[in-house]
Amino acid sequence: MKLGNLFATRRIEDLMMEYTEFRDDVNYALNRFLYNDWGIVKSEDACANDEAIVFGGRVKAEYNTCKGRIWIISEKQRKYSTILFPSEY
């Protein structure tokens, strides 16, 4: 899976700088995302993500971290992906 340009919200960036464990959690989530492991999404959302990889749609994955759940969203053209907390959407 391609990420395109990778962005993170200010809050994600700040917490990654402050907490090594969180930074490791985010990096682990990114690696999972790159290998089409969508984390803790519902099965129908995982199926939609799998179809989006084939047909070119938006992909959204969700992972648990030491600071709460994060989302990684990749837009349909894979020009950019964003890491954020669900509350920042």
# chains A, B, ... in the order shown; residues from 1 in each chain; ligands from 1

$ residues_around --residues "Asn5 in chain A" --least-positions-apart "6" --cutoff "10 Å" --atoms "only C-alpha atoms" --output "mmCIF file with C-alpha atoms, in the first residue's frame"
data_model
loop_
_atom_site.group_PDB
_atom_site.id
_atom_site.type_symbol
_atom_site.label_atom_id
_atom_site.label_comp_id
_atom_site.auth_asym_id
_atom_site.auth_seq_id
_atom_site.Cartn_x
_atom_site.Cartn_y
_atom_site.Cartn_z
ATOM 1 C CA SER A 74 -5.346 7.461 2.972
ATOM 2 C CA ARG A 78 -2.894 7.808 -2.407
ATOM 3 C CA LYS A 79 -1.378 11.278 -2.743
ATOM 4 C CA TYR A 80 -1.475 11.717 1.012
ATOM 5 C CA SER A 81 -2.292 9.929 4.243
ATOM 6 C CA THR A 82 -3.048 11.415 7.633
#

$ closest_residue --among "A:Ala48, A:Ala8, A:Ile53, A:Ala61" --to "Ile73 in chain A" --atoms "only C-alpha atoms"
A:Ala61

$ select_by_dssp --residues "chain A" --states "strand (DSSP E)" --output "ChimeraX atom specification"
/A:5-8,59-65,68-74,80-84

$ residues_around --residues "Phe22 in chain A" --least-positions-apart "6" --cutoff "10 Å" --atoms "only C-alpha atoms" --output "list in words"
Ile12, Leu15, Met16, Tyr28, Thr65, Cys66, Lys67 and Gly68 of chain A

$ write_last_selection --atoms "C-alpha atoms" --output "mmCIF file, in the first residue's frame"
data_model
loop_
_atom_site.group_PDB
_atom_site.id
_atom_site.type_symbol
_atom_site.label_atom_id
_atom_site.label_comp_id
_atom_site.auth_asym_id
_atom_site.auth_seq_id
_atom_site.Cartn_x
_atom_site.Cartn_y
_atom_site.Cartn_z
ATOM 1 C CA ILE A 12 -0.167 13.439 17.231
ATOM 2 C CA LEU A 15 2.714 13.348 21.668
ATOM 3 C CA MET A 16 5.144 11.430 19.449
ATOM 4 C CA TYR A 28 3.803 -0.022 14.503
ATOM 5 C CA THR A 65 -2.143 3.108 21.229
ATOM 6 C CA CYS A 66 -0.998 3.999 24.723
ATOM 7 C CA LYS A 67 -2.675 7.415 24.215
ATOM 8 C CA GLY A 68 -5.939 6.127 22.796
#

$ residues_around --residues "Glu88 in chain A" --least-positions-apart "2" --cutoff "12 Å" --atoms "only C-alpha atoms" --output "NGL selection string"
:A and (8-12 or 69-72 or 82-86)

$ residues_around --residues "Cys47 in chain A" --least-positions-apart "6" --cutoff "12 Å" --atoms "only C-alpha atoms" --output "short mmCIF file (atom, residue, chain, number, x, y, z; two decimals) with N, CA and C atoms, in the first residue's frame"
data_model
loop_
_atom_site.label_atom_id
_atom_site.label_comp_id
_atom_site.auth_asym_id
_atom_site.auth_seq_id
_atom_site.Cartn_x
_atom_site.Cartn_y
_atom_site.Cartn_z
N ASN A 36 -1.71 -3.67 4.73
CA ASN A 36 -3.17 -3.86 4.63
C ASN A 36 -3.77 -4.54 5.85
N ASP A 37 -3.22 -4.29 7.01
CA ASP A 37 -3.80 -4.72 8.28
C ASP A 37 -4.51 -3.49 8.83
N TRP A 38 -5.83 -3.52 8.81
CA TRP A 38 -6.63 -2.34 9.12
C TRP A 38 -6.91 -2.15 10.60
N VAL A 41 -10.94 -2.13 12.88
CA VAL A 41 -12.17 -1.72 12.19
C VAL A 41 -13.14 -2.89 12.11
N ILE A 53 -8.41 -0.67 -2.10
CA ILE A 53 -7.04 -0.92 -2.58
C ILE A 53 -7.09 -1.33 -4.05
N VAL A 54 -8.03 -2.18 -4.39
CA VAL A 54 -8.14 -2.69 -5.75
C VAL A 54 -8.72 -1.65 -6.71
N GLY A 57 -10.21 3.54 -3.81
CA GLY A 57 -11.04 4.33 -2.91
C GLY A 57 -10.27 4.76 -1.67
N VAL A 59 -9.18 4.79 2.19
CA VAL A 59 -8.92 3.74 3.17
C VAL A 59 -8.81 4.38 4.55
N LYS A 60 -9.51 3.79 5.54
CA LYS A 60 -9.43 4.27 6.91
C LYS A 60 -9.20 3.08 7.83
N ALA A 61 -8.15 3.17 8.63
CA ALA A 61 -7.83 2.11 9.59
C ALA A 61 -7.80 2.71 10.99
#

$ atom_distance --atom1 "CA of Lys76 in chain A" --atom2 "CA of Val26 in chain A"
21.6 Å

$ select_by_dssp --residues "chain A" --states "alpha helix (DSSP H)" --output "PyMOL selection string"
chain A and resi 10-18+20-34+43-55

$ closest_residue --among "A:Tyr63, A:Phe55, A:Tyr19, A:Tyr89" --to "Ile40 in chain A" --atoms "only C-alpha atoms"
A:Tyr63

$ decode --residues "range 16-40 of chain A" --atoms "N, CA, C and O atoms" --output "PDB file, in the first residue's frame"
ATOM      1  N   MET A  16       4.057  12.289  19.929  1.00  0.00           N
ATOM      2  CA  MET A  16       5.144  11.430  19.449  1.00  0.00           C
ATOM      3  C   MET A  16       6.500  11.959  19.915  1.00  0.00           C
ATOM      4  O   MET A  16       7.398  11.171  20.227  1.00  0.00           O
ATOM      5  N   MET A  17       6.638  13.274  19.945  1.00  0.00           N
ATOM      6  CA  MET A  17       7.897  13.869  20.413  1.00  0.00           C
ATOM      7  C   MET A  17       8.090  13.672  21.914  1.00  0.00           C
ATOM      8  O   MET A  17       9.209  13.505  22.385  1.00  0.00           O
ATOM      9  N   GLU A  18       6.993  13.679  22.647  1.00  0.00           N
ATOM     10  CA  GLU A  18       7.066  13.610  24.105  1.00  0.00           C
ATOM     11  C   GLU A  18       7.129  12.184  24.651  1.00  0.00           C
ATOM     12  O   GLU A  18       7.769  11.943  25.669  1.00  0.00           O
ATOM     13  N   TYR A  19       6.484  11.248  23.983  1.00  0.00           N
ATOM     14  CA  TYR A  19       6.356   9.890  24.528  1.00  0.00           C
ATOM     15  C   TYR A  19       6.891   8.852  23.534  1.00  0.00           C
ATOM     16  O   TYR A  19       6.290   8.617  22.484  1.00  0.00           O
ATOM     17  N   THR A  20       7.990   8.232  23.896  1.00  0.00           N
ATOM     18  CA  THR A  20       8.602   7.201  23.055  1.00  0.00           C
ATOM     19  C   THR A  20       7.641   6.048  22.800  1.00  0.00           C
ATOM     20  O   THR A  20       7.548   5.539  21.680  1.00  0.00           O
ATOM     21  N   GLU A  21       6.911   5.641  23.826  1.00  0.00           N
ATOM     22  CA  GLU A  21       5.978   4.524  23.671  1.00  0.00           C
ATOM     23  C   GLU A  21       4.901   4.848  22.626  1.00  0.00           C
ATOM     24  O   GLU A  21       4.559   4.003  21.791  1.00  0.00           O
ATOM     25  N   PHE A  22       4.402   6.074  22.653  1.00  0.00           N
ATOM     26  CA  PHE A  22       3.395   6.472  21.676  1.00  0.00           C
ATOM     27  C   PHE A  22       3.995   6.494  20.275  1.00  0.00           C
ATOM     28  O   PHE A  22       3.373   6.021  19.315  1.00  0.00           O
ATOM     29  N   ARG A  23       5.189   7.044  20.142  1.00  0.00           N
ATOM     30  CA  ARG A  23       5.866   7.069  18.846  1.00  0.00           C
ATOM     31  C   ARG A  23       6.026   5.647  18.303  1.00  0.00           C
ATOM     32  O   ARG A  23       5.752   5.381  17.131  1.00  0.00           O
ATOM     33  N   ASP A  24       6.397   4.714  19.171  1.00  0.00           N
ATOM     34  CA  ASP A  24       6.528   3.312  18.758  1.00  0.00           C
ATOM     35  C   ASP A  24       5.182   2.733  18.336  1.00  0.00           C
ATOM     36  O   ASP A  24       5.094   1.996  17.351  1.00  0.00           O
ATOM     37  N   ASP A  25       4.131   3.070  19.083  1.00  0.00           N
ATOM     38  CA  ASP A  25       2.789   2.599  18.738  1.00  0.00           C
ATOM     39  C   ASP A  25       2.353   3.110  17.360  1.00  0.00           C
ATOM     40  O   ASP A  25       1.788   2.370  16.559  1.00  0.00           O
ATOM     41  N   VAL A  26       2.622   4.375  17.085  1.00  0.00           N
ATOM     42  CA  VAL A  26       2.249   4.964  15.798  1.00  0.00           C
ATOM     43  C   VAL A  26       3.041   4.310  14.670  1.00  0.00           C
ATOM     44  O   VAL A  26       2.483   3.960  13.621  1.00  0.00           O
ATOM     45  N   ASN A  27       4.328   4.120  14.881  1.00  0.00           N
ATOM     46  CA  ASN A  27       5.151   3.469  13.860  1.00  0.00           C
ATOM     47  C   ASN A  27       4.685   2.038  13.595  1.00  0.00           C
ATOM     48  O   ASN A  27       4.640   1.595  12.446  1.00  0.00           O
ATOM     49  N   TYR A  28       4.320   1.336  14.648  1.00  0.00           N
ATOM     50  CA  TYR A  28       3.803  -0.022  14.503  1.00  0.00           C
ATOM     51  C   TYR A  28       2.494  -0.010  13.703  1.00  0.00           C
ATOM     52  O   TYR A  28       2.288  -0.825  12.795  1.00  0.00           O
ATOM     53  N   ALA A  29       1.620   0.941  14.017  1.00  0.00           N
ATOM     54  CA  ALA A  29       0.358   1.071  13.284  1.00  0.00           C
ATOM     55  C   ALA A  29       0.622   1.365  11.804  1.00  0.00           C
ATOM     56  O   ALA A  29      -0.027   0.791  10.919  1.00  0.00           O
ATOM     57  N   LEU A  30       1.568   2.243  11.516  1.00  0.00           N
ATOM     58  CA  LEU A  30       1.895   2.559  10.125  1.00  0.00           C
ATOM     59  C   LEU A  30       2.388   1.322   9.376  1.00  0.00           C
ATOM     60  O   LEU A  30       2.018   1.107   8.219  1.00  0.00           O
ATOM     61  N   ASN A  31       3.230   0.536  10.029  1.00  0.00           N
ATOM     62  CA  ASN A  31       3.703  -0.694   9.394  1.00  0.00           C
ATOM     63  C   ASN A  31       2.555  -1.648   9.117  1.00  0.00           C
ATOM     64  O   ASN A  31       2.491  -2.257   8.044  1.00  0.00           O
ATOM     65  N   ARG A  32       1.633  -1.765  10.049  1.00  0.00           N
ATOM     66  CA  ARG A  32       0.459  -2.611   9.835  1.00  0.00           C
ATOM     67  C   ARG A  32      -0.358  -2.086   8.653  1.00  0.00           C
ATOM     68  O   ARG A  32      -0.795  -2.850   7.799  1.00  0.00           O
ATOM     69  N   PHE A  33      -0.549  -0.777   8.607  1.00  0.00           N
ATOM     70  CA  PHE A  33      -1.308  -0.142   7.534  1.00  0.00           C
ATOM     71  C   PHE A  33      -0.676  -0.432   6.171  1.00  0.00           C
ATOM     72  O   PHE A  33      -1.370  -0.749   5.209  1.00  0.00           O
ATOM     73  N   LEU A  34       0.633  -0.338   6.100  1.00  0.00           N
ATOM     74  CA  LEU A  34       1.342  -0.580   4.845  1.00  0.00           C
ATOM     75  C   LEU A  34       1.123  -1.997   4.320  1.00  0.00           C
ATOM     76  O   LEU A  34       1.209  -2.248   3.120  1.00  0.00           O
ATOM     77  N   TYR A  35       0.851  -2.920   5.237  1.00  0.00           N
ATOM     78  CA  TYR A  35       0.620  -4.317   4.854  1.00  0.00           C
ATOM     79  C   TYR A  35      -0.864  -4.680   4.876  1.00  0.00           C
ATOM     80  O   TYR A  35      -1.224  -5.853   5.000  1.00  0.00           O
ATOM     81  N   ASN A  36      -1.715  -3.669   4.733  1.00  0.00           N
ATOM     82  CA  ASN A  36      -3.171  -3.858   4.631  1.00  0.00           C
ATOM     83  C   ASN A  36      -3.774  -4.538   5.851  1.00  0.00           C
ATOM     84  O   ASN A  36      -4.758  -5.266   5.736  1.00  0.00           O
ATOM     85  N   ASP A  37      -3.216  -4.288   7.005  1.00  0.00           N
ATOM     86  CA  ASP A  37      -3.802  -4.723   8.283  1.00  0.00           C
ATOM     87  C   ASP A  37      -4.512  -3.490   8.826  1.00  0.00           C
ATOM     88  O   ASP A  37      -3.867  -2.538   9.249  1.00  0.00           O
ATOM     89  N   TRP A  38      -5.835  -3.525   8.815  1.00  0.00           N
ATOM     90  CA  TRP A  38      -6.634  -2.340   9.119  1.00  0.00           C
ATOM     91  C   TRP A  38      -6.906  -2.149  10.595  1.00  0.00           C
ATOM     92  O   TRP A  38      -7.681  -1.284  10.976  1.00  0.00           O
ATOM     93  N   GLY A  39      -6.301  -2.947  11.447  1.00  0.00           N
ATOM     94  CA  GLY A  39      -6.450  -2.752  12.882  1.00  0.00           C
ATOM     95  C   GLY A  39      -7.792  -3.223  13.386  1.00  0.00           C
ATOM     96  O   GLY A  39      -8.238  -4.323  13.070  1.00  0.00           O
ATOM     97  N   ILE A  40      -8.464  -2.364  14.140  1.00  0.00           N
ATOM     98  CA  ILE A  40      -9.674  -2.757  14.867  1.00  0.00           C
ATOM     99  C   ILE A  40     -10.965  -2.265  14.209  1.00  0.00           C
ATOM    100  O   ILE A  40     -11.962  -2.048  14.877  1.00  0.00           O
TER     101      ILE A  40
END
